[in-house]
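Novice: So that you have it, the file is run30.txt, and it contains compact mmCIF, C-alpha atoms:
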# COMPACT_ATOMS: atom_id res chain seq x y z
CA MET A 960 -14.18 -108.95 22.98
CA LEU A 961 -16.07 -109.68 19.78
CA PRO A 962 -15.14 -113.02 18.14
CA TRP A 963 -13.65 -111.35 15.05
CA LYS A 964 -11.35 -109.31 17.27
CA ARG A 965 -10.02 -112.51 18.81
CA VAL A 966 -8.98 -113.54 15.31
CA LEU A 967 -7.91 -110.10 14.13
CA ARG A 968 -4.89 -109.71 16.36
CA PRO A 969 -3.45 -113.17 15.58
CA LEU A 970 -3.96 -112.46 11.87
CA THR A 971 -2.14 -109.15 12.16
CA ALA A 972 0.65 -110.87 14.04
CA LEU A 973 0.77 -113.53 11.34
CA LEU A 974 1.10 -110.91 8.62
CA PHE A 975 3.92 -109.24 10.50
CA ALA A 976 5.60 -112.56 11.22
CA ALA A 977 5.38 -113.52 7.57
CA ALA A 978 7.10 -110.30 6.67
CA VAL A 979 9.77 -110.81 9.32
CA ALA A 980 10.39 -114.30 8.00
CA THR A 981 11.42 -112.83 4.68
CA VAL A 982 14.50 -111.09 6.10
CA PRO A 983 17.49 -112.52 7.96
CA ALA A 984 18.02 -111.96 11.62
CA ALA A 985 19.86 -108.70 12.10
CA THR A 986 23.59 -109.23 12.37
CA ALA A 987 24.49 -105.61 13.06
CA HIS A 988 22.73 -102.43 14.02
CA ALA A 989 22.25 -100.20 11.02
CA SER A 990 24.26 -97.43 12.67
CA SER A 991 27.31 -99.66 12.29
CA ALA A 992 27.19 -99.44 8.50
CA PRO A 993 30.75 -99.53 7.17
CA SER A 994 32.43 -96.16 6.74
CA THR A 995 35.09 -97.64 4.48
CA GLY A 996 34.53 -99.92 1.54
CA TRP A 997 30.89 -99.04 1.04
CA ASN A 998 29.47 -95.84 2.53
CA ASP A 999 32.88 -94.25 2.05
CA TYR A 1000 32.10 -90.60 1.40
CA SER A 1001 35.63 -89.98 0.19
CA CYS A 1002 35.04 -92.36 -2.74
CA ARG A 1003 35.13 -90.68 -6.14
CA PRO A 1004 33.46 -92.42 -9.08
CA SER A 1005 35.85 -93.52 -11.83
CA ALA A 1006 35.62 -92.87 -15.53
CA ALA A 1007 34.61 -96.52 -15.96
CA HIS A 1008 31.85 -96.24 -13.34
CA PRO A 1009 30.96 -92.54 -13.17
CA ARG A 1010 27.88 -92.84 -10.99
CA PRO A 1011 27.63 -93.86 -7.33
CA VAL A 1012 25.37 -96.82 -6.59
CA ILE A 1013 22.85 -96.38 -3.78
CA LEU A 1014 21.43 -99.57 -2.28
CA VAL A 1015 17.87 -99.37 -0.94
CA HIS A 1016 16.92 -102.12 1.52
CA GLY A 1017 13.60 -103.90 1.72
CA THR A 1018 10.90 -103.99 4.39
CA LEU A 1019 12.36 -104.95 7.77
CA GLY A 1020 15.85 -104.69 6.32
CA ASN A 1021 18.54 -102.13 6.99
CA SER A 1022 21.56 -100.54 5.37
CA VAL A 1023 23.92 -103.29 6.53
CA ASP A 1024 22.21 -106.67 6.62
CA ASN A 1025 20.49 -106.41 3.26
CA TRP A 1026 23.78 -105.77 1.46
CA LEU A 1027 26.47 -107.88 3.13
CA SER A 1028 27.13 -109.64 -0.19
CA LEU A 1029 26.00 -107.28 -2.95
CA ALA A 1030 27.77 -104.18 -1.62
CA PRO A 1031 31.23 -105.83 -1.61
CA TYR A 1032 30.45 -107.46 -4.98
CA LEU A 1033 29.91 -104.04 -6.56
CA GLU A 1034 32.74 -102.40 -4.64
CA ASP A 1035 35.15 -105.06 -5.92
CA ARG A 1036 34.09 -104.09 -9.44
CA GLY A 1037 35.08 -100.48 -8.94
CA TYR A 1038 31.83 -98.81 -7.89
CA CYS A 1039 31.36 -96.24 -5.17
CA VAL A 1040 28.62 -97.93 -3.13
CA PHE A 1041 26.32 -96.40 -0.53
CA SER A 1042 23.32 -97.58 1.49
CA LEU A 1043 20.75 -95.85 3.63
CA ASP A 1044 18.21 -96.62 6.32
CA TYR A 1045 14.65 -95.40 5.84
CA GLY A 1046 11.16 -95.85 7.19
CA GLN A 1047 12.06 -96.10 10.88
CA LEU A 1048 9.27 -96.44 13.42
CA SER A 1049 9.75 -94.96 16.87
CA GLY A 1050 10.99 -97.57 19.30
CA VAL A 1051 11.71 -100.16 16.59
CA PRO A 1052 15.46 -100.62 16.10
CA VAL A 1053 17.26 -102.51 13.30
CA PHE A 1054 14.11 -103.41 11.33
CA TYR A 1055 13.26 -100.51 9.04
CA GLY A 1056 11.04 -99.80 6.04
CA LEU A 1057 7.87 -99.79 8.14
CA GLY A 1058 6.98 -96.11 7.94
CA PRO A 1059 4.73 -94.46 5.32
CA ILE A 1060 6.37 -95.08 1.96
CA ASP A 1061 5.90 -91.54 0.67
CA LYS A 1062 7.88 -90.31 3.68
CA SER A 1063 10.51 -92.97 3.04
CA ALA A 1064 10.83 -91.63 -0.49
CA GLU A 1065 11.55 -88.21 0.98
CA GLN A 1066 14.34 -89.75 3.04
CA LEU A 1067 15.74 -91.34 -0.12
CA SER A 1068 15.61 -87.97 -1.87
CA ALA A 1069 17.69 -86.35 0.86
CA TYR A 1070 20.15 -89.23 0.83
CA VAL A 1071 20.65 -89.08 -2.94
CA ASP A 1072 21.41 -85.37 -2.61
CA LYS A 1073 23.94 -86.16 0.13
CA VAL A 1074 25.71 -88.78 -1.98
CA LEU A 1075 25.78 -86.64 -5.10
CA SER A 1076 27.18 -83.72 -3.13
CA ALA A 1077 29.89 -85.89 -1.57
CA THR A 1078 30.94 -87.65 -4.77
CA GLY A 1079 30.54 -84.77 -7.19
CA ALA A 1080 28.50 -86.97 -9.53
CA ALA A 1081 25.63 -85.56 -11.56
CA LYS A 1082 23.46 -88.69 -11.22
CA ALA A 1083 23.28 -91.88 -9.19
CA ASP A 1084 22.12 -95.41 -9.89
CA LEU A 1085 19.68 -97.06 -7.47
CA VAL A 1086 19.52 -100.77 -6.67
CA GLY A 1087 16.70 -101.83 -4.38
CA HIS A 1088 15.30 -105.01 -2.91
CA SER A 1089 11.57 -105.63 -2.44
CA GLN A 1090 10.05 -102.35 -1.14
CA GLY A 1091 13.45 -100.82 -1.89
CA GLY A 1092 12.96 -101.55 -5.57
CA MET A 1093 9.47 -100.06 -5.61
CA MET A 1094 9.69 -97.08 -3.22
CA PRO A 1095 12.25 -95.20 -5.38
CA ARG A 1096 9.66 -95.00 -8.15
CA TYR A 1097 7.73 -92.55 -5.97
CA TYR A 1098 10.89 -90.45 -5.63
CA LEU A 1099 11.42 -90.58 -9.40
CA LYS A 1100 7.82 -89.76 -10.23
CA PHE A 1101 6.80 -87.19 -7.63
CA LEU A 1102 9.91 -85.80 -5.93
CA GLY A 1103 12.11 -84.81 -8.86
CA GLY A 1104 14.31 -87.88 -8.69
CA ALA A 1105 14.29 -88.52 -12.43
CA ALA A 1106 16.71 -85.62 -12.91
CA LYS A 1107 19.19 -87.21 -10.48
CA VAL A 1108 18.94 -90.91 -11.27
CA ASN A 1109 20.22 -92.76 -14.30
CA ALA A 1110 18.93 -96.26 -13.54
CA LEU A 1111 16.71 -98.10 -11.09
CA VAL A 1112 17.37 -101.80 -10.65
CA GLY A 1113 14.80 -103.74 -8.62
CA LEU A 1114 15.48 -107.14 -7.06
CA ALA A 1115 12.07 -108.75 -6.47
CA PRO A 1116 10.37 -105.34 -6.23
CA ASP A 1117 6.71 -105.31 -5.22
CA ASN A 1118 5.81 -102.80 -7.89
CA HIS A 1119 2.13 -103.67 -7.82
CA GLY A 1120 1.88 -104.90 -4.26
CA ALA A 1121 2.85 -107.84 -2.08
CA THR A 1122 0.21 -110.46 -1.43
CA LEU A 1123 2.44 -112.73 0.72
CA SER A 1124 1.39 -115.72 -1.38
CA GLY A 1125 -2.25 -114.66 -1.08
CA LEU A 1126 -2.28 -114.06 2.67
CA THR A 1127 -3.39 -110.44 2.28
CA ASN A 1128 -6.48 -111.67 0.44
CA LEU A 1129 -7.82 -112.74 3.83
CA LEU A 1130 -7.90 -109.19 5.18
CA PRO A 1131 -11.44 -108.35 3.98
CA TYR A 1132 -12.76 -111.21 6.09
CA PHE A 1133 -11.55 -109.48 9.25
CA PRO A 1134 -13.11 -106.03 9.63
CA GLY A 1135 -10.66 -103.54 11.01
CA ALA A 1136 -7.57 -105.57 10.11
CA SER A 1137 -6.44 -103.23 7.35
CA ASP A 1138 -6.95 -100.20 9.61
CA LEU A 1139 -4.93 -101.81 12.37
CA ILE A 1140 -2.03 -102.59 10.04
CA LYS A 1141 -2.14 -99.06 8.62
CA ALA A 1142 -2.08 -97.55 12.11
CA THR A 1143 0.77 -99.68 13.43
CA THR A 1144 2.93 -100.41 10.36
CA PRO A 1145 1.89 -98.04 7.56
CA GLY A 1146 4.74 -99.22 5.34
CA LEU A 1147 3.17 -102.68 5.26
CA ALA A 1148 -0.29 -101.28 4.58
CA ASP A 1149 1.03 -99.24 1.66
CA GLN A 1150 2.26 -102.45 0.01
CA ILE A 1151 -1.07 -104.26 0.06
CA PRO A 1152 -2.41 -104.46 -3.52
CA GLY A 1153 -5.02 -101.79 -4.12
CA SER A 1154 -3.72 -99.44 -1.43
CA ALA A 1155 -4.07 -95.72 -1.96
CA PHE A 1156 -0.29 -95.45 -2.18
CA LEU A 1157 0.06 -98.05 -4.94
CA THR A 1158 -2.91 -96.64 -6.82
CA LYS A 1159 -1.26 -93.22 -6.89
CA LEU A 1160 2.17 -94.64 -7.73
CA ASN A 1161 1.00 -96.64 -10.73
CA ALA A 1162 -1.58 -94.23 -12.11
CA GLY A 1163 -0.60 -92.84 -15.48
CA GLY A 1164 2.11 -95.40 -16.16
CA ASP A 1165 4.81 -97.32 -14.35
CA THR A 1166 7.84 -95.31 -15.48
CA VAL A 1167 9.06 -91.78 -16.10
CA PRO A 1168 11.20 -90.64 -19.03
CA GLY A 1169 14.95 -90.51 -18.71
CA VAL A 1170 15.40 -93.40 -16.27
CA HIS A 1171 16.50 -96.91 -17.24
CA TYR A 1172 14.51 -99.56 -15.38
CA THR A 1173 15.49 -103.18 -14.72
CA VAL A 1174 13.39 -105.68 -12.76
CA ILE A 1175 14.99 -108.97 -11.70
CA SER A 1176 12.50 -111.54 -10.44
CA THR A 1177 12.36 -115.17 -9.37
CA LYS A 1178 9.45 -117.49 -9.92
CA TYR A 1179 9.98 -118.84 -6.40
CA ASP A 1180 9.09 -115.50 -4.80
CA GLU A 1181 6.71 -115.97 -1.88
CA VAL A 1182 6.20 -112.30 -0.99
CA ALA A 1183 5.72 -110.13 -4.07
CA THR A 1184 3.25 -112.51 -5.63
CA PRO A 1185 2.39 -113.38 -8.27
CA TRP A 1186 5.95 -112.76 -9.39
CA GLN A 1187 4.72 -111.36 -12.72
CA SER A 1188 3.25 -108.41 -10.80
CA GLN A 1189 6.80 -107.22 -10.17
CA TYR A 1190 7.28 -106.39 -13.84
CA LEU A 1191 7.02 -102.86 -15.15
CA SER A 1192 5.62 -101.58 -18.42
CA GLY A 1193 7.38 -98.81 -20.29
CA SER A 1194 9.64 -97.94 -23.19
CA ASP A 1195 12.87 -98.26 -21.19
CA VAL A 1196 12.22 -101.35 -19.10
CA HIS A 1197 14.12 -104.64 -18.96
CA ASN A 1198 12.18 -107.33 -17.10
CA VAL A 1199 14.24 -110.40 -16.21
CA LEU A 1200 13.26 -113.77 -14.76
CA LEU A 1201 16.24 -115.47 -13.09
CA GLN A 1202 15.12 -118.91 -14.16
CA ASP A 1203 15.29 -117.82 -17.81
CA LEU A 1204 18.99 -117.16 -17.20
CA CYS A 1205 19.64 -120.27 -15.11
CA SER A 1206 16.91 -122.86 -14.66
CA LEU A 1207 18.77 -124.23 -11.62
CA ASP A 1208 18.46 -120.99 -9.67
CA LEU A 1209 16.19 -121.66 -6.69
CA SER A 1210 16.40 -118.25 -5.02
CA GLU A 1211 13.25 -116.90 -3.44
CA HIS A 1212 12.41 -113.40 -2.23
CA VAL A 1213 15.22 -113.07 0.31
CA ALA A 1214 18.02 -115.02 -1.35
CA ILE A 1215 17.84 -113.03 -4.58
CA ALA A 1216 19.29 -110.03 -2.74
CA LEU A 1217 21.32 -111.70 -0.01
CA PHE A 1218 23.66 -114.01 -1.89
CA ASP A 1219 22.50 -114.85 -5.44
CA ARG A 1220 25.53 -114.04 -7.61
CA ILE A 1221 23.52 -114.83 -10.74
CA ALA A 1222 21.21 -111.97 -9.78
CA PHE A 1223 24.23 -109.86 -8.85
CA HIS A 1224 25.74 -110.42 -12.30
CA GLU A 1225 22.53 -109.17 -13.87
CA VAL A 1226 22.62 -106.12 -11.58
CA ALA A 1227 26.13 -105.38 -12.82
CA ASN A 1228 24.91 -105.71 -16.41
CA ALA A 1229 22.12 -103.23 -15.72
CA LEU A 1230 24.54 -100.75 -14.17
CA ASP A 1231 26.98 -100.99 -17.10
CA PRO A 1232 25.04 -102.22 -20.15
CA ALA A 1233 27.79 -101.17 -22.54
CA HIS A 1234 30.00 -103.88 -21.05
CA ALA A 1235 27.33 -106.46 -20.21
CA THR A 1236 28.22 -110.13 -20.46
CA THR A 1237 25.96 -113.15 -20.66
CA THR A 1238 24.36 -114.13 -17.37
CA SER A 1239 24.10 -117.88 -16.86
CA CYS A 1240 24.44 -120.52 -14.14
CA ALA A 1241 28.20 -120.02 -14.42
CA SER A 1242 27.74 -116.47 -13.15
CA ALA A 1243 27.39 -117.97 -9.68
CA PHE A 1244 31.16 -118.48 -9.74
CA SER A 1245 32.20 -115.21 -11.35
Is it possible to give me this structure as structure tokens?

Specialist:
Amino acid sequence: MLPWKRVLRPLTALLFAAAVATVPAATAHASSAPSTGWNDYSCRPSAAHPRPVILVHGTLGNSVDNWLSLAPYLEDRGYCVFSLDYGQLSGVPVFYGLGPIDKSAEQLSAYVDKVLSATGAAKADLVGHSQGGMMPRYYLKFLGGAAKVNALVGLAPDNHGATLSGLTNLLPYFPGASDLIKATTPGLADQIPGSAFLTKLNAGGDTVPGVHYTVISTKYDEVATPWQSQYLSGSDVHNVLLQDLCSLDLSEHVAIALFDRIAFHEVANALDPAHATTTSCASAFS
């Protein structure tokens, strides 16, 4: 085996391990997603919250584990809440979001249609974490999603790629590494800055008309780095840094979606801006 190949496989494993380290150990198989509470297809949106909220997990997440705190938080505030699994690889259970992202966007499209049909709503709101905050932009831009979505809220979305704190910058030094990642985990390859997928997604502007965009970031993010790359440009974009709302917030890439109630409060504001209240450190107890 050539010397570079001896290094290539450990590097690929390191990249995958770094990604795995950004999500919690699975506590339930995705097929056990709640059928009451959230993912209750008998739920009918109220006049106060007329749109269902669809939660879109991140890379290596799933429809249950990513949302064990945020889904109940929104449900308790009167929302019809749903979550999907996407990007499954054959033979890989529980950890999703690894398939080609354009195909994942097609799965999201079908799921939005399913939720709208079940609830009778004209539009949905999307809340996504990491890849789940970026992937829906493909649906909005290329698959007709803008006509069916009112708002997209991204928690630490890798809108312009995920460098894993610069780790992906090492790939050019290992010939064949990028090809290996693309062949085995195309969803990871699509998120490397400069990928063909990201180039297509961001060409011609970050946003599409008619959709309200919110990006909620943390300066302690270690995955979608630099954290400023998460921000979007457009006429209907609200970019938020958690530490501007509460300087004591230490959440990083995972915690922002798993249990950060300061971030959750800002999500609620984005979903119902007419009744938004100030987000501060005290929001952790609201």

Novice: When you draw a straight line from atom CA of Asp1035 of chain A to atom CA of Asn1109 of chain A, how long is it in Å?

Specialist: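 Result for atom CA of Asp1035 of chain A versus atom CA of Asn1109 of chain A: 21.1 Å, one decimal.
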
Novice: Find the nearest atom pair between each residue of segment 1050-1115 of chain A and segment 1208-1232 of chain A for residues within 9 Å, count all atoms listed in the file, give distances in Å to one decimal, sort rows by chain and ascending number, and present the table as CSV.

Specialist:
residue,atom,partner,partner_atom,distance
A:Asp1084,CA,A:Leu1230,CA,7.3
A:Val1086,CA,A:Val1226,CA,7.9
A:Gly1087,CA,A:Ala1216,CA,8.8
A:His1088,CA,A:Ala1216,CA,6.4
A:Ser1089,CA,A:His1212,CA,7.8
A:Ala1110,CA,A:Leu1230,CA,7.2
A:Leu1111,CA,A:Ala1229,CA,8.8
A:Val1112,CA,A:Val1226,CA,6.9
A:Gly1113,CA,A:Val1226,CA,8.7
A:Leu1114,CA,A:Ala1216,CA,6.4
A:Ala1115,CA,A:His1212,CA,6.3

Novice: Can you tell me, as a list in words, what residues are no more than 7 Å from segment 1064-1072 of chain A when counting only C-alpha atoms, ignoring any on the same chain fewer than 4 positions away?

Specialist: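 With the cut-off at 7 Å, the set is Tyr1045, Ile1060, Ser1076, Met1094, Pro1095, Tyr1097, Tyr1098 and Gly1104 of chain A.
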
Novice: If we count all atoms listed in the file, what is near segment 1177-1181 of chain A at a cut-off of 6 Å, once residues fewer than 5 positions away on the same chain are taken out, given as a count of residues only?

Specialist: 7

Novice: Which polymer residues have any atom within 8 Å of an atom of Gly1020 of chain A, counting all atoms listed in the file, with same-chain residues fewer than 2 positions away left out, as number ranges by chain?

Specialist: A: 982, 1016-1018, 1022, 1024-1025, 1053-1056

Novice: Taking into account all atoms listed in the file, which residue in the set A:Ser1176, A:Thr1144, A:Ser1245, A:Ser1001 is nearest to Ser1049 of chain A?

Specialist: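 Residue with the minimum atom-to-atom distance to Ser1049 of chain A: A:Thr1144.
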
Novice: Hey, can you check how far atom CA of Leu1029 of chain A sits from atom CA of Gly1193 of chain A?

Specialist: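 Straight-line distance from atom CA of Leu1029 of chain A to atom CA of Gly1193 of chain A works out to 26.8 Å.
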
Novice: Hey, what's within 9 Å of Thr1184 of chain A if we count only C-alpha atoms and toss same-chain stuff fewer than 6 positions away? As number ranges by chain, please?

Specialist: A: 1117, 1120-1125

Novice: My list of candidates is A:Val1023, A:His1234, A:Leu1129, A:Ala1155. Which is closest to His1008 of chain A when distances are computed with all atoms listed in the file?

Specialist: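 Looking at the shortest contact to His1008 of chain A, the residue is A:His1234.
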
Novice: Which is closer to Pro1116 of chain A than all the others in A:Leu1057, A:Ala1030, A:Leu1160, A:Leu1191, using all atoms listed in the file?

Specialist: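 Among the listed residues, A:Leu1191 lies closest to Pro1116 of chain A.
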